[in-house]
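**Q** My structure is stored as my_file-v6.cif, with mmCIF, C-alpha atoms.
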```cif
data_coords
#
loop_
_atom_site.group_PDB
_atom_site.id
_atom_site.type_symbol
_atom_site.label_atom_id
_atom_site.label_comp_id
_atom_site.auth_asym_id
_atom_site.auth_seq_id
_atom_site.Cartn_x
_atom_site.Cartn_y
_atom_site.Cartn_z
ATOM 1 C CA MET A 1 250.886 -5.774 276.377
ATOM 2 C CA ILE A 2 248.343 -8.407 275.402
ATOM 3 C CA GLU A 3 250.285 -11.055 277.346
ATOM 4 C CA LYS A 4 250.171 -8.887 280.484
ATOM 5 C CA SER A 5 246.436 -8.348 280.033
ATOM 6 C CA VAL A 6 245.898 -12.111 279.710
ATOM 7 C CA LYS A 7 247.837 -12.761 282.918
ATOM 8 C CA LEU A 8 245.904 -10.109 284.844
ATOM 9 C CA SER A 9 242.589 -11.456 283.547
ATOM 10 C CA SER A 10 243.587 -14.992 284.495
ATOM 11 C CA LEU A 11 244.642 -14.002 288.023
ATOM 12 C CA ALA A 12 241.503 -11.944 288.561
ATOM 13 C CA PHE A 13 239.346 -14.840 287.350
ATOM 14 C CA LYS A 14 241.068 -17.332 289.669
ATOM 15 C CA PHE A 15 240.773 -15.131 292.750
ATOM 16 C CA GLY A 16 237.181 -14.242 291.862
ATOM 17 C CA THR A 17 236.235 -17.897 291.448
ATOM 18 C CA LEU A 18 237.971 -18.826 294.702
ATOM 19 C CA GLY A 19 236.106 -16.070 296.515
ATOM 20 C CA ILE A 20 232.696 -17.029 295.121
ATOM 21 C CA VAL A 21 233.251 -20.710 295.975
ATOM 22 C CA GLY A 22 234.419 -19.787 299.486
ATOM 23 C CA LEU A 23 231.310 -17.725 300.152
ATOM 24 C CA LEU A 24 228.934 -20.336 298.749
ATOM 25 C CA MET A 25 230.544 -23.263 300.592
ATOM 26 C CA GLY A 26 230.498 -21.314 303.840
ATOM 27 C CA VAL A 27 226.765 -20.627 303.531
ATOM 28 C CA ILE A 28 225.808 -24.129 302.378
ATOM 29 C CA LEU A 29 227.795 -26.071 304.988
ATOM 30 C CA SER A 30 226.780 -23.852 307.891
ATOM 31 C CA ALA A 31 223.111 -23.910 306.820
ATOM 32 C CA LEU A 32 223.120 -27.715 306.738
ATOM 33 C CA GLY A 33 224.380 -27.906 310.335
ATOM 34 C CA PHE A 34 222.208 -25.135 311.768
ATOM 35 C CA GLN A 35 219.487 -25.431 314.426
ATOM 36 C CA ASP A 36 217.753 -22.517 316.106
ATOM 37 C CA PHE A 37 216.778 -22.186 319.774
ATOM 38 C CA GLU A 38 213.649 -24.246 319.149
ATOM 39 C CA GLY A 39 215.480 -27.002 317.276
ATOM 40 C CA HIS A 40 214.331 -25.941 313.785
ATOM 41 C CA ASN A 41 216.622 -26.358 310.787
ATOM 42 C CA PHE A 42 217.803 -23.370 308.806
ATOM 43 C CA ASN A 43 215.136 -21.576 306.781
ATOM 44 C CA PHE A 44 216.141 -18.910 304.269
ATOM 45 C CA PHE A 45 212.720 -17.281 304.720
ATOM 46 C CA ASN A 46 213.084 -17.010 308.488
ATOM 47 C CA HIS A 47 216.758 -16.975 309.559
ATOM 48 C CA THR A 48 219.440 -14.425 308.738
ATOM 49 C CA LEU A 49 223.061 -14.583 307.648
ATOM 50 C CA SER A 50 224.106 -13.281 311.070
ATOM 51 C CA GLU A 51 222.491 -16.220 312.844
ATOM 52 C CA LEU A 52 224.535 -18.670 310.786
ATOM 53 C CA GLY A 53 227.680 -17.089 312.234
ATOM 54 C CA HIS A 54 226.482 -16.860 315.839
ATOM 55 C CA TYR A 55 229.058 -18.680 318.020
ATOM 56 C CA GLY A 56 227.368 -20.762 320.703
ATOM 57 C CA HIS A 57 224.205 -20.918 318.618
ATOM 58 C CA SER A 58 225.256 -22.163 315.186
ATOM 59 C CA THR A 59 227.229 -25.433 315.039
ATOM 60 C CA PHE A 60 229.265 -24.418 312.002
ATOM 61 C CA ALA A 61 229.578 -20.716 312.773
ATOM 62 C CA VAL A 62 233.315 -20.853 312.140
ATOM 63 C CA VAL A 63 232.638 -22.157 308.617
ATOM 64 C CA ILE A 64 230.395 -19.287 307.537
ATOM 65 C CA ASN A 65 232.538 -16.659 309.273
ATOM 66 C CA GLY A 66 235.685 -18.074 307.692
ATOM 67 C CA GLY A 67 233.963 -18.240 304.313
ATOM 68 C CA LEU A 68 232.858 -14.620 304.573
ATOM 69 C CA PHE A 69 236.308 -13.435 305.622
ATOM 70 C CA PHE A 70 238.581 -15.393 303.268
ATOM 71 C CA GLY A 71 236.092 -15.440 300.387
ATOM 72 C CA SER A 72 235.768 -11.667 300.570
ATOM 73 C CA LEU A 73 239.541 -11.222 300.700
ATOM 74 C CA SER A 74 239.851 -13.255 297.492
ATOM 75 C CA LEU A 75 237.200 -11.099 295.859
ATOM 76 C CA ILE A 76 239.070 -7.968 296.946
ATOM 77 C CA LEU A 77 242.097 -9.302 295.035
ATOM 78 C CA PHE A 78 239.790 -9.948 292.075
ATOM 79 C CA CYS A 79 238.820 -6.262 292.168
ATOM 80 C CA LEU A 80 242.408 -5.052 292.467
ATOM 81 C CA PHE A 81 243.536 -7.102 289.450
ATOM 82 C CA SER A 82 240.442 -6.137 287.461
ATOM 83 C CA ILE A 83 240.987 -2.429 288.016
ATOM 84 C CA GLN A 84 244.149 -2.695 285.900
ATOM 85 C CA LEU A 85 242.082 -3.779 282.890
ATOM 86 C CA ILE A 86 239.759 -0.804 282.712
ATOM 87 C CA ASP A 87 238.076 0.320 279.509
ATOM 88 C CA SER A 88 236.342 3.210 281.261
ATOM 89 C CA LYS A 89 237.460 5.599 283.999
ATOM 90 C CA LEU A 90 234.231 4.821 285.826
ATOM 91 C CA LEU A 91 235.591 1.332 286.537
ATOM 92 C CA TYR A 92 238.024 2.866 289.035
ATOM 93 C CA SER A 93 235.103 4.047 291.141
ATOM 94 C CA LEU A 94 233.152 0.838 290.581
ATOM 95 C CA PHE A 95 235.903 -1.494 291.724
ATOM 96 C CA LEU A 96 236.971 0.708 294.623
ATOM 97 C CA SER A 97 233.345 0.621 295.756
ATOM 98 C CA LEU A 98 233.325 -3.165 295.363
ATOM 99 C CA VAL A 99 236.501 -3.373 297.441
ATOM 100 C CA LEU A 100 234.721 -1.506 300.239
ATOM 101 C CA THR A 101 231.704 -3.787 299.804
ATOM 102 C CA PHE A 102 233.792 -6.932 300.222
ATOM 103 C CA MET A 103 235.753 -5.383 303.081
ATOM 104 C CA SER A 104 232.439 -4.871 304.871
ATOM 105 C CA LEU A 105 231.428 -8.470 304.179
ATOM 106 C CA ALA A 106 234.804 -9.695 305.452
ATOM 107 C CA ALA A 107 234.301 -7.613 308.604
ATOM 108 C CA ALA A 108 230.900 -9.275 309.116
ATOM 109 C CA GLY A 109 232.727 -12.610 309.237
ATOM 110 C CA LEU A 110 235.597 -11.343 311.346
ATOM 111 C CA PHE A 111 233.181 -9.767 313.833
ATOM 112 C CA PRO A 112 230.208 -12.163 314.137
ATOM 113 C CA VAL A 113 226.928 -11.227 315.763
ATOM 114 C CA ASN A 114 228.492 -12.079 319.141
ATOM 115 C CA VAL A 115 230.429 -8.812 318.659
ATOM 116 C CA TYR A 116 227.104 -7.116 318.205
ATOM 117 C CA HIS A 117 227.672 -3.487 317.237
ATOM 118 C CA LEU A 118 230.692 -4.123 315.002
ATOM 119 C CA HIS A 119 228.782 -6.850 313.196
ATOM 120 C CA THR A 120 225.663 -4.766 312.618
ATOM 121 C CA MET A 121 227.806 -1.903 311.372
ATOM 122 C CA ALA A 122 229.610 -4.229 308.922
ATOM 123 C CA ILE A 123 226.313 -5.573 307.570
ATOM 124 C CA LYS A 124 224.895 -2.081 307.255
ATOM 125 C CA TYR A 125 227.863 -0.795 305.240
ATOM 126 C CA PHE A 126 227.863 -3.928 303.098
ATOM 127 C CA PHE A 127 224.398 -2.982 301.887
ATOM 128 C CA TYR A 128 225.282 0.689 301.461
ATOM 129 C CA PHE A 129 228.433 0.012 299.438
ATOM 130 C CA GLY A 130 226.781 -2.859 297.564
ATOM 131 C CA SER A 131 223.908 -0.663 296.425
ATOM 132 C CA PHE A 132 226.338 2.074 295.380
ATOM 133 C CA SER A 133 228.483 -0.452 293.470
ATOM 134 C CA SER A 134 225.508 -1.805 291.532
ATOM 135 C CA PHE A 135 224.416 1.781 290.784
ATOM 136 C CA LEU A 136 227.872 2.592 289.393
ATOM 137 C CA TYR A 137 227.683 -0.515 287.240
ATOM 138 C CA LEU A 138 224.403 0.681 285.761
ATOM 139 C CA VAL A 139 226.046 4.030 285.003
ATOM 140 C CA TYR A 140 228.932 2.107 283.400
ATOM 141 C CA LEU A 141 226.445 0.297 281.154
ATOM 142 C CA SER A 142 224.808 3.596 280.193
ATOM 143 C CA MET A 143 228.247 4.812 279.057
ATOM 144 C CA LYS A 144 228.483 1.749 276.782
ATOM 145 C CA GLY A 145 231.249 0.037 278.736
ATOM 146 C CA ARG A 146 232.005 -3.305 277.104
ATOM 147 C CA LEU A 147 234.575 -5.143 279.220
ATOM 148 C CA PHE A 148 232.094 -6.194 281.904
ATOM 149 C CA TYR A 149 228.974 -6.104 279.774
ATOM 150 C CA SER A 150 226.749 -9.121 279.168
ATOM 151 C CA SER A 151 223.007 -9.640 279.253
ATOM 152 C CA TRP A 152 223.481 -11.680 282.446
ATOM 153 C CA ASN A 153 225.476 -8.921 284.132
ATOM 154 C CA ALA A 154 223.011 -6.250 283.066
ATOM 155 C CA VAL A 155 219.954 -8.108 284.391
ATOM 156 C CA THR A 156 221.546 -9.256 287.661
ATOM 157 C CA GLY A 157 223.131 -5.827 288.169
ATOM 158 C CA ILE A 158 219.767 -4.086 287.835
ATOM 159 C CA LEU A 159 218.058 -6.606 290.149
ATOM 160 C CA THR A 160 220.883 -6.305 292.683
ATOM 161 C CA PHE A 161 220.501 -2.537 292.801
ATOM 162 C CA ILE A 162 216.717 -2.775 293.219
ATOM 163 C CA SER A 163 216.906 -5.423 295.964
ATOM 164 C CA PHE A 164 219.658 -3.635 297.908
ATOM 165 C CA LEU A 165 217.810 -0.327 297.685
ATOM 166 C CA CYS A 166 214.552 -1.940 298.843
ATOM 167 C CA PHE A 167 216.377 -3.582 301.736
ATOM 168 C CA LEU A 168 217.850 -0.289 302.905
ATOM 169 C CA VAL A 169 214.633 1.651 302.544
ATOM 170 C CA LEU A 170 212.462 -0.952 304.258
ATOM 171 C CA SER A 171 215.025 -1.395 307.020
ATOM 172 C CA HIS A 172 214.830 2.260 307.977
ATOM 173 C CA ILE A 173 211.113 2.914 307.940
ATOM 174 C CA ASP A 174 208.356 1.641 310.192
ATOM 175 C CA LEU A 175 205.684 -0.195 308.213
ATOM 176 C CA GLY A 176 204.276 -1.953 311.256
ATOM 177 C CA LEU A 177 205.776 -5.229 310.036
ATOM 178 C CA ILE A 178 208.159 -5.643 312.970
ATOM 179 C CA ALA A 179 207.812 -5.183 316.694
ATOM 180 C CA GLY A 180 209.567 -2.432 318.612
ATOM 181 C CA ASP A 181 211.112 0.792 317.414
ATOM 182 C CA LYS A 182 214.494 -0.509 316.236
ATOM 183 C CA GLN A 183 214.592 0.167 312.531
ATOM 184 C CA PHE A 184 217.569 -1.602 311.010
ATOM 185 C CA TYR A 185 216.739 -5.303 310.961
ATOM 186 C CA GLN A 186 219.998 -6.459 312.563
ATOM 187 C CA GLU A 187 219.044 -4.522 315.693
ATOM 188 C CA MET A 188 216.282 -7.030 316.334
ATOM 189 C CA VAL A 189 217.871 -10.070 314.718
ATOM 190 C CA MET A 190 217.181 -12.222 317.781
ATOM 191 C CA GLU A 191 213.530 -11.173 317.985
ATOM 192 C CA LEU A 192 211.218 -14.136 318.682
ATOM 193 C CA PRO A 193 208.656 -15.318 317.825
ATOM 194 C CA ARG A 194 208.747 -14.614 314.108
ATOM 195 C CA PRO A 195 206.341 -15.287 311.256
ATOM 196 C CA ASP A 196 207.135 -18.246 308.989
ATOM 197 C CA ILE A 197 208.139 -15.808 306.259
ATOM 198 C CA TRP A 198 210.007 -12.922 307.892
ATOM 199 C CA TRP A 199 210.674 -10.095 305.408
ATOM 200 C CA PRO A 200 214.078 -8.960 306.766
ATOM 201 C CA ALA A 201 215.546 -12.455 306.361
ATOM 202 C CA THR A 202 213.812 -13.148 303.042
ATOM 203 C CA LEU A 203 214.863 -9.855 301.470
ATOM 204 C CA GLU A 204 218.401 -10.203 302.811
ATOM 205 C CA TRP A 205 218.871 -13.616 301.196
ATOM 206 C CA LEU A 206 217.262 -12.460 297.964
ATOM 207 C CA SER A 207 219.676 -9.509 297.865
ATOM 208 C CA LEU A 208 222.684 -11.699 298.650
ATOM 209 C CA THR A 209 221.693 -14.236 295.997
ATOM 210 C CA LEU A 210 221.341 -11.580 293.308
ATOM 211 C CA PHE A 211 224.619 -9.983 294.393
ATOM 212 C CA MET A 212 226.428 -13.324 294.107
ATOM 213 C CA LEU A 213 224.892 -14.006 290.685
ATOM 214 C CA TRP A 214 226.035 -10.575 289.527
ATOM 215 C CA GLY A 215 229.491 -11.231 290.976
ATOM 216 C CA MET A 216 229.702 -14.559 289.137
ATOM 217 C CA GLY A 217 228.921 -12.792 285.892
ATOM 218 C CA MET A 218 231.587 -10.152 286.525
ATOM 219 C CA VAL A 219 234.159 -12.872 287.207
ATOM 220 C CA GLN A 220 233.124 -14.796 284.085
ATOM 221 C CA SER A 221 233.541 -11.633 282.006
ATOM 222 C CA LEU A 222 237.249 -11.644 282.779
ATOM 223 C CA ARG A 223 237.593 -15.256 281.699
ATOM 224 C CA ASN A 224 235.953 -14.375 278.393
ATOM 225 C CA GLN A 225 238.255 -11.371 278.093
ATOM 226 C CA ALA A 226 241.331 -13.565 278.654
ATOM 227 C CA GLN A 227 240.182 -15.953 275.929
ATOM 228 C CA ILE A 228 239.627 -13.088 273.493
ATOM 229 C CA LYS A 229 243.092 -11.678 274.237
ATOM 230 C CA GLN A 230 244.683 -15.101 273.694
ATOM 231 C CA VAL A 231 243.015 -15.380 270.303
ATOM 232 C CA GLU A 232 244.190 -11.876 269.383
ATOM 233 C CA GLU A 233 247.734 -12.728 270.487
ATOM 234 C CA GLY A 234 247.667 -15.908 268.393
ATOM 235 C CA GLU A 235 246.491 -14.038 265.319
ATOM 236 C CA LYS A 236 249.142 -11.370 265.867
ATOM 237 C CA SER A 237 251.868 -14.018 266.100
ATOM 238 C CA LYS A 238 250.656 -15.645 262.877
ATOM 239 C CA ALA A 239 250.673 -12.281 261.110
ATOM 240 C CA ILE A 240 254.268 -11.615 262.227
ATOM 241 C CA ARG A 241 255.468 -15.046 261.037
ATOM 242 C CA SER A 242 253.774 -14.634 257.688
#
```
Written as structure tokens, that's how I'd like the structure from this file.
**A**
Amino acid sequence: MIEKSVKLSSLAFKFGTLGIVGLLMGVILSALGFQDFEGHNFNFFNHTLSELGHYGHSTFAVVINGGLFFGSLSLILFCLFSIQLIDSKLLYSLFLSLVLTFMSLAAAGLFPVNVYHLHTMAIKYFFYFGSFSSFLYLVYLSMKGRLFYSSWNAVTGILTFISFLCFLVLSHIDLGLIAGDKQFYQEMVMELPRPDIWWPATLEWLSLTLFMLWGMGMVQSLRNQAQIKQVEEGEKSKAIRS
């Protein structure tokens, strides 16, 4: 039983790591090769994730879209392996919600902003499912779940929930900060000119960064779990031989 748990933890960790690396490499490489309509380089305070994947506009659009799609698929496998290691029934809901979150992110890569309405829908549901996933994680912590608990996970999970919730709320109300009457920020993603620090882009990247940091912690938790199980298996084998 312990051996099976170690194998599942190891597989989940490998797929999770592969997914995180895929997402990060996609963002970094595409950002380095990006130029907007006015010839400006990529600015995380001014440009959005969608613009990185805009074919005909972003030089390395295929890199970010591929990273979103294949990285998210790897993270879906991470969730499916992790769900077999539950120490709380709430983890079923948490990881199913995370699967839907990563499916939405994969769809955002599969359907770039060139496929406008499908892309905006994918981004919208990514934030809905992501906020719900982080909320379920906070409930999991309140129930004293231990498998995916760490100080890092707790802090980044709380910050992820707050940032995602702020993004959704601010994206659906009119504070006079954006022009026009289109509320969700992706509906006016190509709006120009923009201020040097544009809140939809800034808050989006802040939310994505916190989400990735939380995801890294969740993946690392399984590596720690695998190491603990290996130690337990070693001690059990010694006890049997003695």
**Q** Evaluated on this file, the PyMOL selection byres ((chain A and resi 59-69) around 7) picks out some residues - which ones are they, written as a ChimeraX atom specification?
**A** /A:22-23,26-27,30,33-34,52-55,57-58,70-73,105-107,109-110
**Q** Run through the PyMOL selection byres ((chain A and resi 77) around 10) on the given coordinates and return the selected residues as a PyMOL selection string.
**A** chain A and resi 11-16+19+72-76+78-83+99
**Q** With distances taken over all atoms listed in the file, which of A:Leu24, A:Met103, A:Leu147, A:Leu118 is nearest to Leu91 in chain A?
**A**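 With all atoms listed in the file as the atom set, the closest residue is A:Leu147.
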**Q** So which residues touch Ala201 in chain A within 7 Å, counting all atoms listed in the file, skipping near sequence neighbours fewer than 5 positions away, as a list in words?
**A**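 My reading of the contact set: Phe44, Phe45, Asn46, His47 and Thr48 of chain A.
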**Q** Output C-alpha atoms for every residue in the selection just made, as a PDB file, in the coordinates of the input.
**A**
```pdb
ATOM      1  CA  PHE A  44     216.141 -18.910 304.269  1.00  0.00           C
ATOM      2  CA  PHE A  45     212.720 -17.281 304.720  1.00  0.00           C
ATOM      3  CA  ASN A  46     213.084 -17.010 308.488  1.00  0.00           C
ATOM      4  CA  HIS A  47     216.758 -16.975 309.559  1.00  0.00           C
ATOM      5  CA  THR A  48     219.440 -14.425 308.738  1.00  0.00           C
TER       6      THR A  48
END
```
**Q** Evaluating the PyMOL selection byres ((chain A and resi 100) around 9) on the displayed file yields which residues, as a CSV table (one decimal) with C-alpha atoms, in the coordinates of the input?
**A**
```csv
chain,number,residue,atom,x,y,z
A,76,ILE,CA,239.1,-8.0,296.9
A,95,PHE,CA,235.9,-1.5,291.7
A,96,LEU,CA,237.0,0.7,294.6
A,97,SER,CA,233.3,0.6,295.8
A,98,LEU,CA,233.3,-3.2,295.4
A,99,VAL,CA,236.5,-3.4,297.4
A,101,THR,CA,231.7,-3.8,299.8
A,102,PHE,CA,233.8,-6.9,300.2
A,103,MET,CA,235.8,-5.4,303.1
A,104,SER,CA,232.4,-4.9,304.9
A,105,LEU,CA,231.4,-8.5,304.2
A,125,TYR,CA,227.9,-0.8,305.2
A,126,PHE,CA,227.9,-3.9,303.1
A,129,PHE,CA,228.4,0.0,299.4
A,130,GLY,CA,226.8,-2.9,297.6
```
**Q** Between CA of Leu222 in chain A and CA of Phe148 in chain A, what is the distance, to one decimal in Å?
**A**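 Between these atoms lies a distance of 7.6 Å.
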**Q** Of the residues A:Leu159, A:Val115, A:Leu138, A:Cys166, which is the one nearest to Thr209 in chain A, using only C-alpha atoms?
**A** A:Leu159
**Q** For the atom pair CA of Thr156 in chain A and CA of Ser10 in chain A, what is the interatomic distance in Å to one decimal place?
**A** 23.0 Å
**Q** Taking into account all atoms listed in the file, which residue in the set A:Ser207, A:Ser88, A:Thr120, A:Thr160 is nearest to Ser142 in chain A?
**A**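 Closest to Ser142 in chain A, using all atoms listed in the file: A:Ser88.
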**Q** Have a look at CA of Leu168 in chain A and CA of Asn43 in chain A and let me know their distance in Å, one decimal.
**A**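 Distance reported for this atom pair: 21.8 Å.
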**Q** Restricting the calculation to all atoms listed in the file: of A:Phe161, A:Tyr137, A:Trp198, A:Trp152, which residue gets closest to Leu213 in chain A?
**A**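 Of A:Phe161, A:Tyr137, A:Trp198, A:Trp152, the one nearest Leu213 in chain A is A:Trp152, counting all atoms listed in the file.
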**Q** Which one of A:His40, A:Ile158, A:Arg223, A:Lys144 sits closest to Lys7 in chain A if you count all atoms listed in the file?
**A**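 The answer is A:Arg223, which sits nearest to Lys7 in chain A.
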